[in-house]
$ cat my_file-v4.txt   # compact mmCIF, C-alpha atoms
# COMPACT_ATOMS: atom_id res chain seq x y z
CA MET A 1 92.64 111.70 107.77
CA ARG A 2 96.06 111.20 106.21
CA LYS A 3 97.03 114.83 106.82
CA LEU A 4 95.97 114.52 110.45
CA MET A 5 97.84 111.32 111.11
CA GLU A 6 100.89 111.81 108.91
CA ARG A 7 101.54 115.50 108.36
CA ARG A 8 100.58 116.90 111.78
CA SER A 9 102.27 114.15 113.71
CA GLY A 10 105.10 113.74 111.19
CA TRP A 11 105.07 109.96 111.68
CA ALA A 12 105.09 108.70 108.13
CA LEU A 13 106.83 111.63 106.44
CA ALA A 14 109.96 111.29 108.55
CA VAL A 15 110.31 107.58 108.01
CA LEU A 16 109.58 107.77 104.30
CA LEU A 17 112.24 110.42 103.77
CA ALA A 18 114.76 108.45 105.81
CA LEU A 19 114.12 105.26 103.87
CA ALA A 20 114.26 107.00 100.52
CA CYS A 21 117.47 108.82 101.37
CA ARG A 22 119.11 105.59 102.49
CA ALA A 23 118.15 103.88 99.23
CA ALA A 24 119.27 106.88 97.22
CA LEU A 25 122.65 107.07 98.95
CA ALA A 26 123.23 103.38 98.31
CA GLN A 27 122.47 103.88 94.64
CA THR A 28 124.75 106.92 94.50
CA HIS A 29 127.59 104.82 95.86
CA ARG A 30 127.03 102.24 93.14
CA ALA A 31 126.89 104.95 90.51
CA GLN A 32 130.32 106.22 91.58
CA GLN A 33 131.73 102.76 91.08
CA SER A 34 130.09 102.01 87.71
CA PRO A 35 129.31 105.16 85.72
CA SER A 36 126.61 104.75 83.06
CA GLN A 37 123.54 106.62 81.82
CA PHE A 38 121.38 104.75 84.32
CA ASP A 39 123.78 105.35 87.21
CA ALA A 40 124.07 109.02 86.32
CA LEU A 41 120.30 109.42 86.33
CA ALA A 42 119.97 107.56 89.63
CA LYS A 43 122.64 109.77 91.17
CA ARG A 44 120.96 112.96 89.95
CA ALA A 45 117.58 111.71 91.22
CA ALA A 46 119.04 111.07 94.67
CA GLU A 47 120.69 114.49 94.74
CA ALA A 48 117.47 116.22 93.66
CA ARG A 49 115.54 114.46 96.37
CA GLU A 50 118.09 115.28 99.04
CA ALA A 51 117.95 118.91 97.95
CA GLY A 52 114.15 118.94 98.33
CA HIS A 53 113.40 119.17 94.60
CA ALA A 54 110.72 116.48 94.63
CA ASP A 55 109.30 117.10 91.15
CA ASP A 56 112.72 117.02 89.51
CA ALA A 57 113.62 113.89 91.47
CA ALA A 58 110.44 112.13 90.33
CA LYS A 59 111.18 112.89 86.67
CA LEU A 60 114.72 111.59 87.03
CA TYR A 61 113.58 108.40 88.78
CA LYS A 62 111.14 107.74 85.95
CA ARG A 63 113.90 108.15 83.35
CA ALA A 64 116.19 105.82 85.29
CA LEU A 65 113.42 103.24 85.72
CA ALA A 66 112.73 103.31 81.99
CA LEU A 67 116.30 102.07 81.55
CA ASN A 68 116.15 99.59 84.41
CA PRO A 69 112.57 98.60 85.33
CA LYS A 70 113.83 95.99 87.82
CA TRP A 71 115.39 98.65 90.05
CA SER A 72 113.27 98.09 93.18
CA GLU A 73 114.91 100.91 95.15
CA GLY A 74 113.95 103.32 92.38
CA TRP A 75 110.32 102.20 92.44
CA TRP A 76 110.37 102.58 96.22
CA SER A 77 111.78 106.11 96.04
CA LEU A 78 109.34 107.15 93.33
CA GLY A 79 106.48 105.63 95.31
CA THR A 80 107.36 107.62 98.44
CA LEU A 81 107.58 110.83 96.38
CA ASP A 82 104.15 110.25 94.86
CA TYR A 83 102.66 109.23 98.20
CA ASP A 84 103.93 112.39 99.87
CA ALA A 85 102.46 114.45 97.02
CA ASP A 86 99.04 112.79 97.48
CA ARG A 87 99.36 110.99 94.14
CA PHE A 88 98.07 107.78 95.68
CA ALA A 89 97.08 105.97 92.47
CA GLU A 90 100.58 106.44 91.04
CA ALA A 91 102.21 105.48 94.33
CA GLN A 92 100.07 102.35 94.51
CA LEU A 93 101.36 101.17 91.13
CA GLU A 94 104.93 101.89 92.16
CA PHE A 95 104.69 99.98 95.43
CA LEU A 96 103.08 97.12 93.51
CA LYS A 97 106.25 97.05 91.42
CA VAL A 98 108.37 96.80 94.58
CA VAL A 99 106.21 93.97 95.94
CA ALA A 100 106.38 92.12 92.62
CA LEU A 101 110.18 92.39 92.59
CA ASP A 102 110.52 91.55 96.30
CA PRO A 103 107.43 89.70 97.61
CA LYS A 104 108.87 89.54 101.13
CA GLN A 105 109.22 93.31 101.40
CA GLY A 106 106.81 93.95 104.25
CA THR A 107 107.45 97.69 104.39
CA ALA A 108 106.51 98.18 100.73
CA ARG A 109 103.37 96.13 101.25
CA ALA A 110 102.48 98.34 104.19
CA MET A 111 102.86 101.43 102.00
CA LEU A 112 100.75 99.72 99.34
CA GLY A 113 98.04 99.23 101.94
CA LEU A 114 98.20 102.90 102.95
CA CYS A 115 97.80 103.95 99.31
CA GLU A 116 94.78 101.69 98.98
CA PHE A 117 93.33 103.13 102.18
CA GLU A 118 93.57 106.65 100.80
CA GLN A 119 91.67 105.57 97.69
CA GLY A 120 88.87 103.91 99.60
CA GLN A 121 89.96 100.36 98.72
CA ALA A 122 89.29 99.10 102.23
CA GLU A 123 89.34 95.36 101.58
CA LYS A 124 92.63 95.49 99.65
CA ALA A 125 94.15 97.87 102.20
CA LEU A 126 93.35 95.63 105.17
CA LYS A 127 94.66 92.56 103.36
CA ASP A 128 97.98 94.25 102.50
CA ILE A 129 98.45 95.86 105.91
CA GLU A 130 97.89 92.53 107.66
CA ALA A 131 100.23 90.83 105.19
CA ALA A 132 102.83 93.51 105.93
CA LYS A 133 102.60 92.79 109.64
CA ALA A 134 103.07 89.07 108.97
CA LEU A 135 106.10 89.74 106.77
CA GLY A 136 107.54 92.32 109.12
CA VAL A 137 107.57 96.07 108.74
CA LEU A 138 110.84 97.95 108.90
CA GLU A 139 111.86 98.46 112.51
CA ASN A 140 110.79 102.08 112.70
CA THR A 141 108.23 102.98 115.34
CA GLN A 142 106.83 105.91 113.33
CA LEU A 143 105.84 103.80 110.34
CA ARG A 144 104.67 100.97 112.60
CA ASP A 145 102.39 103.38 114.44
CA VAL A 146 100.88 104.65 111.20
CA VAL A 147 100.25 101.08 110.05
CA LEU A 148 98.61 100.12 113.36
CA TYR A 149 96.39 103.21 113.30
CA HIS A 150 95.16 102.51 109.79
CA GLU A 151 94.68 98.84 110.58
CA GLY A 152 92.52 99.89 113.53
CA LEU A 153 90.43 102.16 111.31
CA LEU A 154 89.93 99.47 108.68
CA LEU A 155 88.91 96.85 111.23
CA GLN A 156 86.55 99.31 112.93
CA ARG A 157 84.83 100.14 109.66
CA ALA A 158 84.54 96.43 108.89
CA GLY A 159 82.85 95.83 112.25
CA GLN A 160 85.78 93.76 113.58
CA PHE A 161 85.88 95.64 116.85
CA GLU A 162 88.07 93.27 118.86
CA GLY A 163 90.82 93.37 116.24
CA ALA A 164 90.52 97.15 116.03
CA LYS A 165 90.74 97.41 119.80
CA ALA A 166 93.94 95.36 119.84
CA ALA A 167 95.59 97.50 117.15
CA LEU A 168 94.70 100.83 118.75
CA ALA A 169 95.50 99.63 122.27
CA SER A 170 99.04 98.85 121.07
CA LEU A 171 99.45 102.52 120.18
CA CYS A 172 98.05 103.64 123.52
CA LEU A 173 100.40 101.31 125.38
CA GLU A 174 103.31 102.97 123.55
CA GLY A 175 102.19 106.37 124.83
CA VAL A 176 100.62 107.69 121.63
CA ARG A 177 97.89 110.26 122.36
CA SER A 178 95.91 112.40 119.92
CA ALA A 179 92.36 113.54 119.26
CA GLU A 180 92.35 111.40 116.11
CA LEU A 181 93.33 108.27 118.04
CA ALA A 182 90.75 108.99 120.75
CA GLY A 183 88.05 109.50 118.13
CA ALA A 184 88.89 106.22 116.41
CA PHE A 185 89.00 104.32 119.71
CA GLY A 186 85.70 105.86 120.75
CA LEU A 187 84.06 104.52 117.60
CA VAL A 188 85.51 101.08 118.34
CA ALA A 189 84.42 101.03 121.98
CA LEU A 190 80.89 102.11 121.04
CA ARG A 191 80.74 99.64 118.13
CA MET A 192 80.20 102.34 115.52
CA ARG A 193 81.23 101.68 111.92
CA ASP A 194 81.17 105.34 110.86
CA ALA A 195 84.00 106.52 108.62
CA ALA A 196 84.69 109.44 110.98
CA PRO A 197 83.68 110.46 114.52
CA PRO A 198 80.69 112.79 114.97
CA SER A 199 81.27 116.54 115.16
CA SER A 200 82.90 117.63 118.42
CA THR A 201 80.13 120.23 118.87
CA THR A 202 77.49 117.49 119.32
CA GLU A 203 76.71 115.26 122.28
CA ALA A 204 77.69 112.24 120.20
CA GLY A 205 81.05 113.81 119.41
CA MET A 206 81.67 114.55 123.08
CA VAL A 207 80.79 110.99 124.07
CA VAL A 208 82.94 109.40 121.36
CA GLN A 209 85.96 111.53 122.28
CA HIS A 210 85.78 110.87 126.04
CA VAL A 211 84.98 107.18 125.62
CA GLY A 212 87.94 106.95 123.24
CA ARG A 213 90.24 108.61 125.74
CA GLY A 214 89.05 106.24 128.44
CA ALA A 215 89.49 103.20 126.21
CA CYS A 216 92.98 104.38 125.24
CA LEU A 217 93.95 104.88 128.89
CA SER A 218 92.66 101.39 129.61
CA GLY A 219 94.74 100.08 126.70
CA ALA A 220 97.74 101.71 128.38
CA LYS A 221 96.72 100.00 131.66
CA GLN A 222 96.01 103.36 133.32
CA TYR A 223 92.74 102.13 134.72
CA GLU A 224 92.02 104.82 137.31
CA ALA A 225 92.38 107.55 134.72
CA ALA A 226 90.21 105.52 132.33
CA LYS A 227 87.49 105.21 134.98
CA ALA A 228 87.54 108.98 135.51
CA GLU A 229 86.88 109.56 131.79
CA PHE A 230 83.93 107.17 131.80
CA GLU A 231 82.47 108.58 135.00
CA ASN A 232 82.58 112.01 133.35
CA VAL A 233 80.72 110.68 130.31
CA LEU A 234 78.11 108.93 132.44
CA ARG A 235 77.38 112.14 134.34
CA ARG A 236 76.80 114.00 131.08
CA ALA A 237 75.22 111.34 128.85
CA PRO A 238 74.08 108.35 130.94
CA HIS A 239 71.64 107.09 128.31
CA TYR A 240 73.93 107.16 125.28
CA PRO A 241 73.84 103.76 123.51
CA LEU A 242 76.54 101.31 124.62
CA VAL A 243 78.37 103.74 126.90
CA HIS A 244 77.70 101.44 129.90
CA TYR A 245 78.77 98.49 127.79
CA ALA A 246 82.03 100.22 126.83
CA TYR A 247 82.70 101.08 130.48
CA GLY A 248 82.05 97.48 131.46
CA ARG A 249 84.69 96.36 128.97
CA VAL A 250 87.21 98.67 130.62
CA LEU A 251 86.31 97.37 134.09
CA ILE A 252 86.76 93.79 132.88
CA ASP A 253 90.26 94.73 131.70
CA ALA A 254 90.85 96.33 135.12
CA ARG A 255 89.74 93.04 136.76
CA ASP A 256 86.78 94.73 138.44
CA ARG A 257 84.28 91.96 137.71
CA ALA A 258 81.52 93.24 139.99
CA GLY A 259 81.75 96.77 138.62
CA ALA A 260 81.75 95.45 135.06
CA ILE A 261 78.65 93.33 135.61
CA ALA A 262 76.88 96.36 137.12
CA GLN A 263 77.65 98.34 133.95
CA PHE A 264 76.49 95.52 131.67
CA GLU A 265 73.26 95.30 133.66
CA ALA A 266 72.83 99.06 133.28
CA GLU A 267 73.22 98.59 129.52
CA ILE A 268 70.53 95.91 129.56
CA ALA A 269 68.24 98.38 131.31
CA GLU A 270 68.91 100.87 128.50
CA GLN A 271 68.65 98.28 125.72
CA PRO A 272 66.51 95.35 126.92
CA LYS A 273 66.73 93.53 123.58
CA SER A 274 70.52 93.61 123.26
CA ALA A 275 72.40 90.31 123.47
CA LEU A 276 75.84 91.93 123.79
CA PRO A 277 75.85 92.87 127.49
CA ARG A 278 74.30 89.51 128.34
CA LEU A 279 77.14 87.74 126.55
CA ARG A 280 79.63 89.76 128.58
CA ILE A 281 77.96 88.90 131.88
CA ALA A 282 77.84 85.24 130.91
CA ALA A 283 81.56 85.35 130.11
CA ALA A 284 82.37 87.14 133.38
CA ASP A 285 80.40 84.53 135.36
CA TYR A 286 81.97 81.52 133.67
CA LYS A 287 83.95 79.45 136.20
CA VAL A 288 83.13 82.05 138.88
CA ASP A 289 79.35 81.79 139.15
CA SER A 290 78.32 79.68 136.20
CA VAL A 291 74.81 79.11 137.56
CA ALA A 292 74.15 82.85 137.52
CA GLY A 293 75.73 83.18 134.09
CA LEU A 294 73.39 80.59 132.60
CA LYS A 295 70.44 82.99 132.73
CA TYR A 296 72.26 85.61 130.67
CA ALA A 297 73.61 83.13 128.14
CA GLU A 298 70.15 81.65 127.63
CA GLU A 299 68.65 85.12 127.16
CA ALA A 300 71.39 86.02 124.69
CA VAL A 301 70.67 82.91 122.62
CA GLN A 302 66.95 83.66 122.66
CA LEU A 303 67.54 87.23 121.54
CA ASP A 304 70.08 86.30 118.85
CA PRO A 305 69.84 82.60 117.97
CA ASN A 306 72.15 83.02 114.97
CA GLU A 307 75.10 84.21 117.07
CA PRO A 308 77.61 81.32 117.43
CA LEU A 309 79.26 82.87 120.46
CA GLY A 310 75.99 82.73 122.40
CA HIS A 311 75.73 78.99 121.79
CA TYR A 312 79.40 78.55 122.68
CA LEU A 313 79.07 80.41 125.98
CA LEU A 314 75.83 78.65 126.85
CA GLY A 315 77.48 75.31 126.09
CA LEU A 316 80.43 76.15 128.34
CA LEU A 317 78.22 77.23 131.21
CA LEU A 318 76.04 74.14 130.90
CA LEU A 319 79.18 72.01 130.83
CA ASP A 320 80.51 73.74 133.94
CA THR A 321 77.24 73.24 135.81
CA GLY A 322 76.97 69.57 134.88
CA VAL A 323 74.04 69.85 132.46
CA TYR A 324 75.82 67.78 129.84
CA GLU A 325 72.87 66.71 127.69
CA ARG A 326 71.93 70.34 127.03
CA ALA A 327 75.56 71.38 126.54
CA VAL A 328 76.05 69.06 123.56
CA PRO A 329 73.66 70.72 121.05
CA GLU A 330 74.84 74.21 122.04
CA LEU A 331 78.48 73.33 121.45
CA GLU A 332 77.57 71.54 118.23
CA ALA A 333 75.84 74.72 117.03
CA ALA A 334 79.03 76.69 117.72
CA ARG A 335 81.10 74.05 115.93
CA LYS A 336 78.98 74.41 112.78
CA ALA A 337 80.10 78.02 112.52
CA PHE A 338 83.74 77.22 113.33
CA PRO A 339 84.41 73.58 112.45
CA GLN A 340 88.19 73.84 112.80
CA GLU A 341 88.27 75.48 116.23
CA ALA A 342 90.16 73.17 118.58
CA LYS A 343 88.80 74.79 121.74
CA ILE A 344 85.23 74.01 120.76
CA GLU A 345 86.29 70.46 119.90
CA LEU A 346 87.83 70.05 123.34
CA SER A 347 84.61 71.17 125.01
CA LEU A 348 82.60 68.81 122.84
CA ALA A 349 84.90 65.93 123.69
CA THR A 350 84.28 66.60 127.38
CA ALA A 351 80.51 66.81 126.88
CA TYR A 352 80.43 63.63 124.79
CA ALA A 353 82.38 61.75 127.44
CA HIS A 354 79.91 62.76 130.14
CA VAL A 355 76.86 61.63 128.13
CA GLY A 356 78.37 58.27 127.28
CA ARG A 357 79.43 58.99 123.70
CA THR A 358 82.95 57.70 124.32
CA ALA A 359 83.75 56.97 120.67
CA ASP A 360 82.82 60.54 119.66
CA ALA A 361 84.80 61.90 122.61
CA ARG A 362 87.91 59.91 121.61
CA LYS A 363 87.56 61.08 118.00
CA LYS A 364 87.33 64.72 119.07
CA GLN A 365 90.35 64.41 121.34
CA ASN A 366 92.45 62.87 118.55
CA SER A 367 91.45 65.50 115.99
CA THR A 368 92.15 68.25 118.51
CA ARG A 369 95.69 67.00 119.07
CA GLN A 370 96.32 67.08 115.32
CA ASP A 371 94.99 70.63 114.98
CA GLU A 372 96.60 71.97 118.15
CA GLY A 373 98.99 74.27 116.28
CA ALA A 374 96.18 76.14 114.56
CA ALA A 375 93.94 76.34 117.62
CA GLY A 376 92.43 79.68 118.37
CA GLU A 377 92.49 81.37 114.96
CA SER A 378 88.92 80.67 113.94
CA LEU A 379 87.62 81.42 117.42
CA ASN A 380 89.48 84.72 117.38
CA GLY A 381 87.75 85.50 114.11
CA MET A 382 84.40 84.75 115.73
CA LEU A 383 85.23 86.99 118.66
CA GLN A 384 86.33 89.84 116.41
CA GLY A 385 83.23 89.59 114.27
CA THR A 386 80.83 89.61 117.21
CA ASP A 387 82.80 91.59 119.77
CA GLY A 388 82.16 88.66 122.05
CA ALA A 389 83.95 87.69 125.20
CA GLU A 390 87.35 86.10 124.95
CA VAL A 391 86.83 82.92 126.92
CA ALA A 392 88.29 79.48 126.46
CA PRO A 393 86.77 76.20 127.55
CA LYS A 394 88.12 74.77 130.78
CA ASN A 395 87.59 71.04 131.16
$ encode --input "my_file-v4.txt" --output "structure tokens"
Amino acid sequence: MRKLMERRSGWALAVLLALACRAALAQTHRAQQSPSQFDALAKRAAEAREAGHADDAAKLYKRALALNPKWSEGWWSLGTLDYDADRFAEAQLEFLKVVALDPKQGTARAMLGLCEFEQGQAEKALKDIEAAKALGVLENTQLRDVVLYHEGLLLQRAGQFEGAKAALASLCLEGVRSAELAGAFGLVALRMRDAAPPSSTTEAGMVVQHVGRGACLSGAKQYEAAKAEFENVLRRAPHYPLVHYAYGRVLIDARDRAGAIAQFEAEIAEQPKSALPRLRIAAADYKVDSVAGLKYAEEAVQLDPNEPLGHYLLGLLLLDTGVYERAVPELEAARKAFPQEAKIELSLATAYAHVGRTADARKKQNSTRQDEGAAGESLNGMLQGTDGAEVAPKN
């Protein structure tokens, strides 16, 4: 996968070389001002790298780092050399050195995450890539795109499909297009945790590729082109699992509520025991036709009583239709899963007020005001884990 995303496209290689050359040139300038054994080695290492003699450059960087192990630019340069040569274990150690010397170096942490990805260390890789995004990756679109792509893959394989969708859609919105990206997005849209898309010679491979293209076009807000991809898939494989569901998601993004509900209902016909399309219909009906949505939310809870989002949606719909007594236990069930989620607390405060529990309502309102700054994070985690509908309570 690395060769597909980094060598064929040239995304990472170009940025790594540019960064390393910049660091090397800076060190060369210092060496000219203060000649020493270390400076001489650093200068020779930079020259070897610029000349394309990667092996010689790596040896010289190692000698220089033996003299000055706190030289973060040297560890960075050596790490990029080893990464480009597929020596991921060595590169990982070198980027760890950079991070230890400069904990706020987001770009080095991103490279650390990529090294971990290549070695199958998925949990570490996702943690470091997300930390890199929080710290800030160097303002280079090529490296940023590589990081987003790998983040999408890691989230997809972890079953966090909403987070994966957001990462990959960012690439699509920027105009990135490739078979690899379409394959990854197809896995996300169809809720598949496979490490790689099915073979292109199979029906599954065809479906994943076209669904991925459609999802990517939707991410780029090219909804008519996205619909054309899905209509093509439905003509060729109308019974493939979750293809109607994936199309419904695209139609929701395109603000075609009626069309989306029709696709979710078609998915229910294909998979009568699935709670997912019912959750989507319930979310689409909320505040539009909450009475109709109640049926689907209740069925979803019956089919999957351990899913917090089902209880949350059912509680919202009951609240919106004035069935306050029934809304309370549903919202309380959602709160048990996400006790710090301010949006659930707000809904509960409203429900408590309507059933006469004014003291509980006042308590919820006060606690919600205190936690307002952190509102949404735990709910977003719930949505990513379940691929549920992104809805917020409306009082």
$ atom_distance --input "my_file-v4.txt" --atom1 "atom CA of Lys221 of chain A" --atom2 "atom CA of Lys343 of chain A"
28.2 Å
$ closest_residue --input "my_file-v4.txt" --among "A:Ala333, A:Ala110, A:Ala189, A:Leu143" --to "Phe161 of chain A" --atoms "all atoms listed in the file"
A:Ala189
$ atom_distance --input "my_file-v4.txt" --atom1 "atom CA of Asn232 of chain A" --atom2 "atom CA of Ser200 of chain A"
16.0 Å
$ atom_distance --input "my_file-v4.txt" --atom1 "atom CA of Gly219 of chain A" --atom2 "atom CA of Asp304 of chain A"
29.3 Å
$ closest_residue --input "my_file-v4.txt" --among "A:Leu153, A:Ala42, A:Val99, A:Leu331" --to "Arg193 of chain A" --atoms "only C-alpha atoms"
A:Leu153
$ residues_around --input "my_file-v4.txt" --residues "Val137 of chain A" --least-positions-apart "5" --cutoff "12 Å" --atoms "all atoms listed in the file" --output "PyMOL selection string"
chain A and resi 15+104-111+128-132+142-148
$ closest_residue --input "my_file-v4.txt" --among "A:Thr80, A:Thr350, A:Thr321, A:Asn140" --to "Tyr286 of chain A" --atoms "only C-alpha atoms"
A:Thr321
$ residues_around --input "my_file-v4.txt" --residues "Asp253 of chain A" --least-positions-apart "6" --cutoff "12 Å" --atoms "only C-alpha atoms" --output "list of chain:residue names"
A:Ala169, A:Ala215, A:Cys216, A:Leu217, A:Ser218, A:Gly219, A:Ala220, A:Lys221, A:Gln222, A:Tyr223, A:Glu224, A:Ala226, A:Lys227, A:Ala246, A:Tyr247, A:Gly259, A:Ala260, A:Ala284, A:Ala389, A:Glu390
$ residues_around --input "my_file-v4.txt" --residues "Arg362 of chain A" --least-positions-apart "2" --cutoff "12 Å" --atoms "all atoms listed in the file" --output "compact mmCIF listing (two decimals) with C-alpha atoms, in the coordinates of the input"
# COMPACT_ATOMS: atom_id res chain seq x y z
CA GLU A 345 86.29 70.46 119.90
CA LEU A 346 87.83 70.05 123.34
CA LEU A 348 82.60 68.81 122.84
CA ALA A 349 84.90 65.93 123.69
CA THR A 350 84.28 66.60 127.38
CA ALA A 351 80.51 66.81 126.88
CA TYR A 352 80.43 63.63 124.79
CA ALA A 353 82.38 61.75 127.44
CA GLY A 356 78.37 58.27 127.28
CA ARG A 357 79.43 58.99 123.70
CA THR A 358 82.95 57.70 124.32
CA ALA A 359 83.75 56.97 120.67
CA ASP A 360 82.82 60.54 119.66
CA LYS A 364 87.33 64.72 119.07
CA GLN A 365 90.35 64.41 121.34
CA ASN A 366 92.45 62.87 118.55
CA SER A 367 91.45 65.50 115.99
CA THR A 368 92.15 68.25 118.51
CA ARG A 369 95.69 67.00 119.07
$ closest_residue --input "my_file-v4.txt" --among "A:Lys165, A:Ala40, A:His311, A:Glu270" --to "Arg249 of chain A" --atoms "all atoms listed in the file"
A:Lys165
$ residues_around --input "my_file-v4.txt" --residues "Ala89 of chain A" --least-positions-apart "4" --cutoff "9 Å" --atoms "all atoms listed in the file" --output "PyMOL selection string"
chain A and resi 82-83+93-94+115-116+119
$ residues_around --input "my_file-v4.txt" --residues "Ala297 of chain A" --least-positions-apart "2" --cutoff "6 Å" --atoms "all atoms listed in the file" --output "list of chain:residue names"
A:Ala282, A:Leu294, A:Lys295, A:Glu299, A:Ala300, A:Leu314
$ build_atoms --input "my_file-v4.txt" --residues "segment 206-221 of chain A" --atoms "N, CA and C atoms" --output "JSON list (two decimals), in the frame of the given file"
[["chain", "number", "residue", "atom", "x", "y", "z"],
["A", 206, "MET", "N", 81.11, 114.49, 121.74],
["A", 206, "MET", "CA", 81.67, 114.55, 123.08],
["A", 206, "MET", "C", 81.82, 113.15, 123.66],
["A", 207, "VAL", "N", 80.77, 112.34, 123.51],
["A", 207, "VAL", "CA", 80.79, 110.99, 124.07],
["A", 207, "VAL", "C", 81.89, 110.16, 123.41],
["A", 208, "VAL", "N", 81.95, 110.19, 122.09],
["A", 208, "VAL", "CA", 82.94, 109.40, 121.36],
["A", 208, "VAL", "C", 84.36, 109.77, 121.79],
["A", 209, "GLN", "N", 84.61, 111.08, 121.92],
["A", 209, "GLN", "CA", 85.96, 111.53, 122.28],
["A", 209, "GLN", "C", 86.35, 111.07, 123.69],
["A", 210, "HIS", "N", 85.45, 111.25, 124.66],
["A", 210, "HIS", "CA", 85.78, 110.87, 126.04],
["A", 210, "HIS", "C", 85.84, 109.36, 126.21],
["A", 211, "VAL", "N", 84.93, 108.64, 125.57],
["A", 211, "VAL", "CA", 84.98, 107.18, 125.62],
["A", 211, "VAL", "C", 86.28, 106.69, 125.00],
["A", 212, "GLY", "N", 86.68, 107.32, 123.89],
["A", 212, "GLY", "CA", 87.94, 106.95, 123.24],
["A", 212, "GLY", "C", 89.14, 107.20, 124.12],
["A", 213, "ARG", "N", 89.13, 108.33, 124.81],
["A", 213, "ARG", "CA", 90.24, 108.61, 125.74],
["A", 213, "ARG", "C", 90.28, 107.56, 126.85],
["A", 214, "GLY", "N", 89.11, 107.24, 127.38],
["A", 214, "GLY", "CA", 89.05, 106.24, 128.44],
["A", 214, "GLY", "C", 89.51, 104.88, 127.96],
["A", 215, "ALA", "N", 89.08, 104.49, 126.76],
["A", 215, "ALA", "CA", 89.49, 103.20, 126.21],
["A", 215, "ALA", "C", 90.99, 103.17, 125.96],
["A", 216, "CYS", "N", 91.53, 104.30, 125.50],
["A", 216, "CYS", "CA", 92.98, 104.38, 125.24],
["A", 216, "CYS", "C", 93.76, 104.28, 126.55],
["A", 217, "LEU", "N", 93.29, 104.96, 127.58],
["A", 217, "LEU", "CA", 93.95, 104.88, 128.89],
["A", 217, "LEU", "C", 93.89, 103.45, 129.42],
["A", 218, "SER", "N", 92.77, 102.79, 129.20],
["A", 218, "SER", "CA", 92.66, 101.39, 129.61],
["A", 218, "SER", "C", 93.64, 100.53, 128.83],
["A", 219, "GLY", "N", 93.78, 100.80, 127.51],
["A", 219, "GLY", "CA", 94.74, 100.08, 126.70],
["A", 219, "GLY", "C", 96.17, 100.26, 127.19],
["A", 220, "ALA", "N", 96.43, 101.43, 127.80],
["A", 220, "ALA", "CA", 97.74, 101.71, 128.38],
["A", 220, "ALA", "C", 97.84, 101.22, 129.82],
["A", 221, "LYS", "N", 96.78, 100.55, 130.30],
["A", 221, "LYS", "CA", 96.72, 100.00, 131.66],
["A", 221, "LYS", "C", 96.69, 101.08, 132.74]]
